[in-house]
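Visitor: Sending over final_16.txt (compact mmCIF, C-alpha atoms).
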```
# COMPACT_ATOMS: atom_id res chain seq x y z
CA MET I 723 -20.79 5.61 1.91
CA ARG I 724 -18.95 5.28 5.21
CA SER I 725 -16.56 2.73 3.72
CA ASP I 726 -15.42 5.39 1.24
CA VAL I 727 -14.86 7.89 4.07
CA ILE I 728 -12.82 5.33 6.02
CA GLN I 729 -10.79 4.48 2.92
CA PHE I 730 -9.97 8.17 2.45
CA LEU I 731 -9.09 8.85 6.10
CA SER I 732 -7.08 5.68 6.70
CA ASN I 733 -4.97 6.20 3.59
CA SER I 734 -4.40 9.82 4.60
CA ALA I 735 -3.22 8.56 7.97
CA VAL I 736 -0.87 5.94 6.55
CA ILE I 737 0.93 8.20 4.08
CA THR I 738 1.08 11.18 6.48
CA SER I 739 2.91 8.95 8.92
CA SER I 740 5.03 6.92 6.50
CA ILE I 741 6.42 9.23 3.83
CA PHE I 742 9.35 10.49 5.89
CA ILE I 743 10.09 7.29 7.84
CA PRO I 744 13.34 6.64 5.86
CA LEU I 745 14.54 10.18 6.57
CA PHE I 746 13.46 9.93 10.23
CA ALA I 747 15.32 6.63 10.52
CA ARG I 748 18.42 8.17 8.98
CA GLU I 749 18.31 11.01 11.52
CA LEU I 750 18.13 8.39 14.28
CA GLY I 751 21.37 6.92 12.92
CA ALA I 752 20.08 4.14 10.66
CA SER I 753 22.15 2.89 7.73
CA ASN I 754 20.54 2.08 4.38
CA LEU I 755 20.31 -1.56 5.46
CA GLN I 756 18.67 -0.62 8.76
CA VAL I 757 16.19 1.56 6.87
CA GLY I 758 15.38 -1.59 4.91
CA ILE I 759 14.95 -3.60 8.12
CA ILE I 760 12.52 -1.01 9.50
CA GLY I 761 10.48 -1.26 6.30
CA ALA I 762 10.64 -5.05 6.48
CA SER I 763 9.30 -5.13 10.04
CA TYR I 764 6.27 -3.12 8.93
CA GLY I 765 5.67 -5.50 6.01
CA ILE I 766 6.02 -8.64 8.14
CA ALA I 767 3.41 -7.34 10.54
CA ILE I 768 0.90 -6.57 7.77
CA PHE I 769 1.50 -10.04 6.31
CA ILE I 770 0.70 -11.78 9.60
CA SER I 771 -2.39 -9.76 10.47
CA SER I 772 -3.78 -9.78 6.91
CA ILE I 773 -3.69 -13.58 6.83
CA LEU I 774 -5.31 -13.90 10.25
CA PHE I 775 -8.02 -11.28 10.09
CA SER I 776 -9.11 -11.49 6.45
CA ARG I 777 -9.96 -15.16 6.93
CA ALA I 778 -11.67 -14.36 10.24
CA SER I 779 -13.86 -11.70 8.61
CA ASP I 780 -15.09 -14.19 5.99
CA ILE I 781 -16.17 -16.43 8.86
CA PHE I 782 -17.42 -13.97 11.49
CA GLY I 783 -18.31 -10.80 9.53
CA ARG I 784 -16.62 -7.54 8.55
CA ARG I 785 -17.62 -4.78 10.98
CA VAL I 786 -15.95 -6.00 14.17
CA PHE I 787 -12.55 -6.23 12.48
CA MET I 788 -12.87 -2.83 10.84
CA GLN I 789 -13.62 -1.25 14.20
CA LEU I 790 -10.91 -3.20 16.02
CA GLY I 791 -8.25 -2.35 13.45
CA LEU I 792 -9.08 1.35 13.25
CA GLY I 793 -9.19 1.71 17.03
CA LEU I 794 -5.82 0.03 17.48
CA CYS I 795 -4.28 2.02 14.60
CA THR I 796 -5.25 5.19 16.45
CA LEU I 797 -2.98 4.08 19.29
CA SER I 798 -0.16 2.40 17.39
CA PHE I 799 0.46 5.23 14.94
CA LEU I 800 0.51 7.74 17.81
CA LEU I 801 3.17 5.65 19.55
CA GLN I 802 5.61 6.59 16.77
CA VAL I 803 6.21 9.90 18.57
CA LEU I 804 8.01 7.84 21.25
CA ALA I 805 10.64 6.41 18.87
CA VAL I 806 14.09 7.56 20.02
CA ASP I 807 16.41 5.12 18.25
CA VAL I 808 16.47 2.57 15.45
CA LEU I 809 15.28 -0.32 17.64
CA SER I 810 12.28 1.51 19.08
CA LEU I 811 11.27 2.76 15.64
CA THR I 812 11.49 -0.79 14.25
CA LEU I 813 9.28 -2.21 17.00
CA ILE I 814 6.69 0.55 16.77
CA ARG I 815 6.50 0.27 12.98
CA PHE I 816 5.90 -3.48 13.42
CA LEU I 817 2.99 -2.71 15.74
CA ALA I 818 1.62 -0.11 13.31
CA GLY I 819 1.76 -2.60 10.44
CA PHE I 820 0.02 -5.32 12.47
CA THR I 821 -2.90 -3.08 13.44
CA LEU I 822 -3.22 -1.80 9.87
CA GLY I 823 -3.56 -5.32 8.51
CA ILE I 824 -6.55 -6.05 10.74
CA PHE I 825 -9.09 -3.94 8.85
CA THR I 826 -7.86 -3.42 5.27
CA ALA I 827 -9.18 -6.59 3.59
CA PRO I 828 -12.52 -6.58 5.51
CA LEU I 829 -12.99 -2.94 4.46
CA ILE I 830 -12.49 -3.74 0.76
CA ALA I 831 -14.88 -6.71 0.95
CA TYR I 832 -17.45 -4.59 2.83
CA ALA I 833 -17.22 -1.83 0.21
CA PHE I 834 -17.85 -4.26 -2.65
CA GLU I 835 -20.73 -5.97 -0.83
CA THR I 836 -22.45 -2.64 -0.13
CA GLY I 837 -22.34 -1.63 -3.79
CA SER I 838 -19.29 0.63 -3.87
CA SER I 839 -17.53 0.98 -7.22
CA MET I 840 -14.05 -0.46 -6.82
CA GLY I 841 -12.67 2.29 -9.03
CA ARG I 842 -14.22 5.06 -6.93
CA PHE I 843 -13.35 3.32 -3.68
CA SER I 844 -9.71 2.90 -4.73
CA SER I 845 -9.56 6.48 -6.01
CA LEU I 846 -10.54 7.77 -2.57
CA GLY I 847 -7.57 5.89 -1.16
CA ALA I 848 -5.40 7.72 -3.69
CA LEU I 849 -7.03 11.01 -2.69
CA GLY I 850 -6.13 10.18 0.90
CA TRP I 851 -2.53 9.63 -0.18
CA ALA I 852 -2.64 13.00 -1.94
CA LEU I 853 -3.84 14.76 1.20
CA GLY I 854 -1.21 12.97 3.26
CA ASN I 855 1.51 13.99 0.84
CA VAL I 856 0.46 17.64 0.94
CA VAL I 857 0.22 17.67 4.72
CA ALA I 858 3.56 15.91 5.12
CA GLY I 859 5.28 18.32 2.75
CA ILE I 860 3.85 21.37 4.54
CA ILE I 861 4.30 20.27 8.16
CA ALA I 862 7.51 18.20 7.78
CA VAL I 863 7.77 17.73 11.57
CA TYR I 864 7.82 14.07 12.48
CA SER I 865 6.01 14.19 15.85
CA GLU I 866 3.23 16.39 14.48
CA LEU I 867 2.75 14.10 11.47
CA PHE I 868 2.50 11.02 13.70
CA ALA I 869 -0.09 12.74 15.90
CA LEU I 870 -2.09 13.84 12.86
CA SER I 871 -2.10 10.33 11.41
CA SER I 872 -3.50 9.08 14.72
CA LEU I 873 -6.22 11.72 14.56
CA PHE I 874 -7.21 10.61 11.04
CA PHE I 875 -7.53 7.02 12.27
CA PHE I 876 -9.60 8.14 15.25
CA ILE I 877 -12.08 9.98 13.02
CA ALA I 878 -12.30 6.89 10.80
CA PHE I 879 -12.90 4.76 13.89
CA LEU I 880 -15.77 7.02 14.98
CA SER I 881 -17.26 6.73 11.50
CA SER I 882 -17.03 2.92 11.65
CA LEU I 883 -19.17 2.83 14.82
CA ARG I 884 -22.20 3.78 12.74
CA MET I 885 -21.67 1.13 10.06
CA LYS I 886 -24.19 -1.69 9.86
CA GLU I 887 -23.14 -5.27 9.41
CA VAL I 888 -24.00 -6.42 5.90
CA PRO I 889 -25.43 -9.94 5.56
CA THR I 890 -22.82 -12.07 3.82
CA VAL I 891 -22.41 -15.70 2.96
CA LYS I 892 -20.12 -16.79 5.78
CA VAL I 893 -17.88 -19.43 4.32
CA SER I 894 -16.07 -22.32 5.94
CA LEU I 895 -12.38 -21.96 5.33
CA PRO I 896 -9.42 -24.14 6.24
CA ILE I 897 -6.62 -22.49 8.18
CA PHE I 898 -4.51 -22.60 5.02
CA PRO I 899 -6.81 -21.56 2.10
CA ARG I 900 -5.03 -23.61 -0.57
CA ALA I 901 -7.91 -23.44 -3.07
CA VAL I 902 -7.99 -19.62 -2.97
CA LEU I 903 -4.24 -19.46 -3.51
CA ARG I 904 -4.36 -21.88 -6.43
CA ARG I 905 -7.30 -20.13 -8.10
CA ASN I 906 -5.60 -16.74 -8.07
CA SER I 907 -1.95 -17.79 -8.25
CA LYS I 908 -1.13 -15.88 -11.45
CA VAL I 909 -2.44 -12.63 -9.98
CA TYR I 910 -0.55 -13.11 -6.73
CA PHE I 911 2.75 -14.05 -8.37
CA THR I 912 2.61 -11.20 -10.89
CA TYR I 913 1.82 -8.79 -8.09
CA PHE I 914 4.61 -10.17 -5.91
CA LEU I 915 7.31 -9.65 -8.52
CA ARG I 916 6.21 -6.14 -9.43
CA HIS I 917 5.84 -5.09 -5.81
CA LEU I 918 9.12 -6.70 -4.77
CA GLY I 919 10.89 -4.38 -7.20
CA ALA I 920 8.71 -1.42 -6.26
CA SER I 921 9.17 -1.80 -2.50
CA SER I 922 12.95 -1.99 -2.96
CA VAL I 923 12.68 1.38 -4.72
CA TRP I 924 10.24 3.01 -2.26
CA THR I 925 12.50 2.19 0.67
CA ILE I 926 15.29 4.40 -0.65
CA PHE I 927 13.14 6.71 -2.80
CA PRO I 928 13.08 9.73 -0.42
CA LEU I 929 16.85 9.34 -0.01
CA PHE I 930 17.26 9.13 -3.80
CA LEU I 931 15.13 12.24 -4.27
CA ALA I 932 17.16 14.12 -1.66
CA SER I 933 20.36 13.06 -3.46
CA ILE I 934 19.18 14.73 -6.70
CA GLY I 935 18.20 17.96 -5.01
CA ALA I 936 14.68 17.55 -3.59
CA SER I 937 13.77 19.25 -0.31
CA LYS I 938 11.18 17.72 2.04
CA PHE I 939 8.59 20.02 0.47
CA TRP I 940 9.42 18.81 -3.04
CA ILE I 941 9.45 15.19 -1.89
CA GLY I 942 5.85 15.75 -0.76
CA ILE I 943 4.97 17.35 -4.11
CA ILE I 944 6.52 14.46 -6.04
CA TYR I 945 4.47 11.95 -4.06
CA LEU I 946 1.41 14.15 -4.56
CA ALA I 947 1.84 14.05 -8.36
CA ASN I 948 1.46 10.27 -8.17
CA SER I 949 -1.44 10.01 -5.72
CA GLY I 950 -3.37 12.99 -7.13
CA THR I 951 -3.24 11.52 -10.63
CA GLN I 952 -4.29 8.11 -9.30
CA PHE I 953 -7.43 9.70 -7.86
CA ILE I 954 -8.45 10.79 -11.36
CA ILE I 955 -7.44 7.64 -13.26
CA MET I 956 -8.90 5.09 -10.83
CA ARG I 957 -12.38 6.53 -11.22
CA PHE I 958 -12.45 5.45 -14.88
CA VAL I 959 -10.39 2.27 -15.24
CA ASP I 960 -12.86 -0.15 -13.63
CA ARG I 961 -14.90 -0.15 -16.83
CA PHE I 962 -12.16 -2.18 -18.55
CA GLU I 963 -11.51 -5.92 -18.37
CA GLU I 964 -9.52 -6.76 -15.24
CA VAL I 965 -6.84 -9.00 -16.76
CA LYS I 966 -5.97 -6.40 -19.41
CA LEU I 967 -5.75 -3.75 -16.71
CA MET I 968 -3.24 -5.82 -14.75
CA ARG I 969 -1.06 -6.40 -17.81
CA VAL I 970 -1.03 -2.73 -18.75
CA GLY I 971 -0.12 -1.87 -15.16
CA VAL I 972 2.92 -4.15 -15.17
CA VAL I 973 4.16 -2.91 -18.56
CA LEU I 974 3.93 0.70 -17.43
CA SER I 975 5.82 -0.22 -14.26
CA VAL I 976 8.78 -1.35 -16.37
CA VAL I 977 8.82 2.02 -18.10
CA VAL I 978 8.55 3.94 -14.81
CA PHE I 979 11.43 2.23 -13.01
CA ALA I 980 13.65 2.47 -16.07
CA SER I 981 12.91 6.20 -16.26
CA TYR I 982 13.90 6.73 -12.63
CA ALA I 983 17.34 5.32 -13.40
CA PHE I 984 18.03 8.11 -15.91
CA ALA I 985 16.81 11.00 -13.73
CA SER I 986 19.51 13.42 -12.59
CA ASP I 987 17.32 16.23 -11.22
CA TYR I 988 14.26 15.97 -8.97
CA ARG I 989 12.13 17.98 -11.41
CA GLN I 990 12.52 15.21 -13.98
CA ILE I 991 10.70 12.85 -11.62
CA ILE I 992 7.36 14.71 -11.74
CA PRO I 993 6.24 13.55 -15.23
CA ILE I 994 7.40 10.03 -14.39
CA GLN I 995 5.07 10.11 -11.40
CA LEU I 996 2.11 10.63 -13.71
CA LEU I 997 3.01 7.44 -15.53
CA LEU I 998 3.48 5.69 -12.19
CA ALA I 999 -0.05 6.73 -11.26
CA ALA I 1000 -1.42 5.11 -14.41
CA SER I 1001 0.54 1.90 -13.84
CA TRP I 1002 -0.59 1.47 -10.23
CA SER I 1003 -4.19 2.43 -10.99
CA CYS I 1004 -4.45 -0.25 -13.67
CA LEU I 1005 -2.68 -2.93 -11.65
CA TYR I 1006 -4.43 -2.30 -8.32
CA VAL I 1007 -7.98 -1.82 -9.56
CA GLY I 1008 -7.61 -4.68 -12.04
CA SER I 1009 -6.42 -7.02 -9.27
CA LEU I 1010 -9.21 -6.02 -6.87
CA LEU I 1011 -11.85 -6.52 -9.56
CA PHE I 1012 -10.44 -9.94 -10.42
CA LEU I 1013 -10.50 -11.07 -6.78
CA VAL I 1014 -13.87 -9.73 -5.59
CA ARG I 1015 -15.69 -10.80 -8.76
CA ARG I 1016 -14.26 -14.31 -9.02
CA ASN I 1017 -14.05 -15.41 -5.37
CA GLU I 1018 -16.78 -16.10 -2.85
CA GLU I 1019 -14.11 -15.73 -0.12
CA ARG I 1020 -13.66 -12.05 -0.93
CA ALA I 1021 -11.89 -10.87 2.21
CA THR I 1022 -9.60 -13.90 2.21
CA SER I 1023 -8.62 -13.46 -1.44
CA VAL I 1024 -7.96 -9.74 -0.92
CA GLY I 1025 -6.20 -10.46 2.36
CA ILE I 1026 -3.84 -12.83 0.57
CA LEU I 1027 -3.14 -10.09 -1.96
CA ASN I 1028 -2.33 -7.74 0.94
CA SER I 1029 -0.10 -10.44 2.38
CA VAL I 1030 1.67 -10.89 -0.96
CA ILE I 1031 2.27 -7.14 -1.01
CA SER I 1032 3.54 -7.40 2.56
CA ILE I 1033 5.93 -10.26 1.77
CA ALA I 1034 7.33 -8.15 -1.04
CA SER I 1035 7.48 -5.25 1.41
CA VAL I 1036 9.56 -7.41 3.73
CA ILE I 1037 12.08 -8.65 1.19
CA GLY I 1038 12.11 -5.55 -1.02
CA PRO I 1039 13.34 -3.08 1.60
CA LEU I 1040 16.13 -5.45 2.62
CA LEU I 1041 17.20 -5.88 -1.01
CA GLY I 1042 16.83 -2.17 -1.69
CA GLY I 1043 19.00 -1.37 1.30
CA LEU I 1044 21.64 -3.94 0.36
CA ILE I 1045 21.74 -3.06 -3.35
CA SER I 1046 21.89 0.69 -2.72
CA GLU I 1047 24.59 0.19 -0.09
CA ALA I 1048 26.71 -1.83 -2.51
CA PHE I 1049 25.93 -0.36 -5.94
CA GLY I 1050 23.99 2.88 -5.47
CA TYR I 1051 20.41 3.99 -6.01
CA THR I 1052 20.34 3.48 -9.79
CA ALA I 1053 21.02 -0.24 -9.39
CA VAL I 1054 17.84 -0.54 -7.32
CA MET I 1055 15.86 0.96 -10.20
CA TYR I 1056 17.25 -1.58 -12.68
CA PHE I 1057 16.43 -4.38 -10.24
CA ALA I 1058 12.79 -3.20 -10.21
CA VAL I 1059 12.75 -3.08 -14.02
CA ALA I 1060 13.86 -6.72 -14.27
CA LEU I 1061 11.28 -7.98 -11.77
CA SER I 1062 8.40 -6.03 -13.32
CA PHE I 1063 9.28 -7.40 -16.76
CA LEU I 1064 9.26 -10.93 -15.38
CA GLY I 1065 5.86 -10.22 -13.84
CA PHE I 1066 4.56 -9.15 -17.25
CA LEU I 1067 5.77 -12.39 -18.81
CA ILE I 1068 3.85 -14.36 -16.20
CA SER I 1069 0.68 -12.30 -16.62
CA ALA I 1070 0.81 -12.75 -20.40
CA GLU I 1071 0.91 -16.56 -20.24
```
Let me see whether you can do it: turn the structure in this file into structure tokens.
Guide:
Amino acid sequence: MRSDVIQFLSNSAVITSSIFIPLFARELGASNLQVGIIGASYGIAIFISSILFSRASDIFGRRVFMQLGLGLCTLSFLLQVLAVDVLSLTLIRFLAGFTLGIFTAPLIAYAFETGSSMGRFSSLGALGWALGNVVAGIIAVYSELFALSSLFFFIAFLSSLRMKEVPTVKVSLPIFPRAVLRRNSKVYFTYFLRHLGASSVWTIFPLFLASIGASKFWIGIIYLANSGTQFIIMRFVDRFEEVKLMRVGVVLSVVVFASYAFASDYRQIIPIQLLLAASWSCLYVGSLLFLVRRNEERATSVGILNSVISIASVIGPLLGGLISEAFGYTAVMYFAVALSFLGFLISAE
């Protein structure tokens, strides 16, 4: 299915471009806090566009927004080669995040409505991450990675031109979809807490890995261990009940972030990444299944989830930068442990 191909290519593009952004920012003179601000700008942009365009796709259809988003991503991700200082990188990452948020929720809704397995569809995203990690680790040249990510988006855009619009029940939605929020509030809040902790970790994670001896190549391998394992796990977890999947995902997240805090050598991180893959696979697939099965407003409900992730991706990098600046990288890991545990308590109610 073309939606699966686009999922694979777009995720390859995102991770190819993003994995070394903290290191690139540091080389441009950014402090830990400024690295967090760059990550926050990207998250704010995804939040805004996810809210706007997921609702629009439930009203007007999916295809136009998939094509618009992929076309604009081709341009915005290429623009990253022009970043020459912290300010320009911040602005370009904001633009990249905004264009990315245009098509992600419509693509997920389209995949479900055309009969795609959510487990297989999600696993192809993980396979895209795996490819991006390998490519990033091998090339490790920022301008070339940004150009390659743009190429991936362009191929995905060409593929989207041959997609047919699927007849859907076009719903009438208020500007603020209060009913959708209320119906799925436990999922959103659990996800927010877990991802708030996670995004605070991911902001400084390449810097943390470098501090315990990892080269750029090994940073790519460590990310690959996570995404490659996700590709395998996601293909099987959608046979389980969605609420149980989410709870298992949050519990495993607690274990993962606690384990990071005790790592003193980059090689110790690799087995932890396998557990991370299991935690994210359960949480992400479980959440998608919950939303697309229980909501008529599929794109809107998924778009709100993307926005929740984005809000966490705004606040988390700022907190990660502040906490690491004041207390060190290990303190960020403990912060993520506490938030993930609180998310589990909410999901278990």
Visitor: List as a PyMOL selection string the protein and nucleic acid residues near Thr738 in chain I, meaning an atom at most 7 Å away when all atoms listed in the file are counted, but skip any in the same chain fewer than 2 places from it.
Guide: chain I and resi 734-736+740-741+854-855+857-858+867+871
Visitor: For a quick check of understanding, using all atoms listed in the file, which of I:Gly1025, I:Gly793, I:Gly971, I:Pro744 has the smallest distance to Ser872 in chain I?
Guide: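 For Ser872 in chain I, the nearest of the given residues is I:Gly793.
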Visitor: Counting all atoms listed in the file, select every polymer residue within 12 Å of (1.8, -8.3, 12.8) as defined in the file's coordinates, and provide the selection as a PDB file with C-alpha atoms, keeping the file's coordinate frame.
Guide:
```
ATOM      1  CA  ALA I 762      10.640  -5.050   6.480  1.00  0.00           C
ATOM      2  CA  SER I 763       9.300  -5.130  10.040  1.00  0.00           C
ATOM      3  CA  TYR I 764       6.270  -3.120   8.930  1.00  0.00           C
ATOM      4  CA  GLY I 765       5.670  -5.500   6.010  1.00  0.00           C
ATOM      5  CA  ILE I 766       6.020  -8.640   8.140  1.00  0.00           C
ATOM      6  CA  ALA I 767       3.410  -7.340  10.540  1.00  0.00           C
ATOM      7  CA  ILE I 768       0.900  -6.570   7.770  1.00  0.00           C
ATOM      8  CA  PHE I 769       1.500 -10.040   6.310  1.00  0.00           C
ATOM      9  CA  ILE I 770       0.700 -11.780   9.600  1.00  0.00           C
ATOM     10  CA  SER I 771      -2.390  -9.760  10.470  1.00  0.00           C
ATOM     11  CA  SER I 772      -3.780  -9.780   6.910  1.00  0.00           C
ATOM     12  CA  ILE I 773      -3.690 -13.580   6.830  1.00  0.00           C
ATOM     13  CA  LEU I 774      -5.310 -13.900  10.250  1.00  0.00           C
ATOM     14  CA  PHE I 775      -8.020 -11.280  10.090  1.00  0.00           C
ATOM     15  CA  GLY I 791      -8.250  -2.350  13.450  1.00  0.00           C
ATOM     16  CA  SER I 798      -0.160   2.400  17.390  1.00  0.00           C
ATOM     17  CA  LEU I 813       9.280  -2.210  17.000  1.00  0.00           C
ATOM     18  CA  ILE I 814       6.690   0.550  16.770  1.00  0.00           C
ATOM     19  CA  ARG I 815       6.500   0.270  12.980  1.00  0.00           C
ATOM     20  CA  PHE I 816       5.900  -3.480  13.420  1.00  0.00           C
ATOM     21  CA  LEU I 817       2.990  -2.710  15.740  1.00  0.00           C
ATOM     22  CA  ALA I 818       1.620  -0.110  13.310  1.00  0.00           C
ATOM     23  CA  GLY I 819       1.760  -2.600  10.440  1.00  0.00           C
ATOM     24  CA  PHE I 820       0.020  -5.320  12.470  1.00  0.00           C
ATOM     25  CA  THR I 821      -2.900  -3.080  13.440  1.00  0.00           C
ATOM     26  CA  LEU I 822      -3.220  -1.800   9.870  1.00  0.00           C
ATOM     27  CA  GLY I 823      -3.560  -5.320   8.510  1.00  0.00           C
ATOM     28  CA  ILE I 824      -6.550  -6.050  10.740  1.00  0.00           C
ATOM     29  CA  SER I1029      -0.100 -10.440   2.380  1.00  0.00           C
ATOM     30  CA  SER I1032       3.540  -7.400   2.560  1.00  0.00           C
ATOM     31  CA  ILE I1033       5.930 -10.260   1.770  1.00  0.00           C
ATOM     32  CA  VAL I1036       9.560  -7.410   3.730  1.00  0.00           C
TER      33      VAL I1036
END
```
Visitor: List every protein, DNA or RNA residue with an atom no more than 10 Å from (-2.0, 14.0, -10.2) in the file's coordinates, counting only C-alpha atoms, and format the result as JSON, numbers by chain.
Guide: {"I": [848, 849, 852, 943, 944, 945, 946, 947, 948, 949, 950, 951, 952, 953, 954, 955, 992, 993, 995, 996, 997, 999, 1000]}
Visitor: So the first atom is CA of Leu801 in chain I and the second is CA of Phe875 in chain I; what is the distance between them in Å, to one decimal place?
Guide: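 About the pair CA of Leu801 in chain I and CA of Phe875 in chain I: they are 13.0 Å apart.
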Visitor: Could you state the separation of CA of Ala936 in chain I and CA of Arg989 in chain I in Å, given to one decimal place?
Guide: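 CA of Ala936 in chain I sits 8.2 Å away from CA of Arg989 in chain I.
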Visitor: Kindly provide, as AutoDock Vina command-line options, the centre and edge lengths (Å, one decimal) of an axis-aligned box around all atoms of range 766-776 of chain I given in the file, with 8 Å on each side.
Guide:
```
--center_x -1.5 --center_y -10.2 --center_z 8.4 --size_x 31.1 --size_y 23.3 --size_z 20.2
```
Visitor: Measuring between only C-alpha atoms, which one of I:Met1055, I:Leu1013, I:Ile1037, I:Val786 shows the shortest distance to Gly761 in chain I?
Guide: I:Ile1037
Visitor: Measuring atom to atom with all atoms listed in the file, identify which of I:Phe911, I:Ile743, I:Phe930, I:Phe799 is nearest to Gln756 in chain I.
Guide: I:Ile743
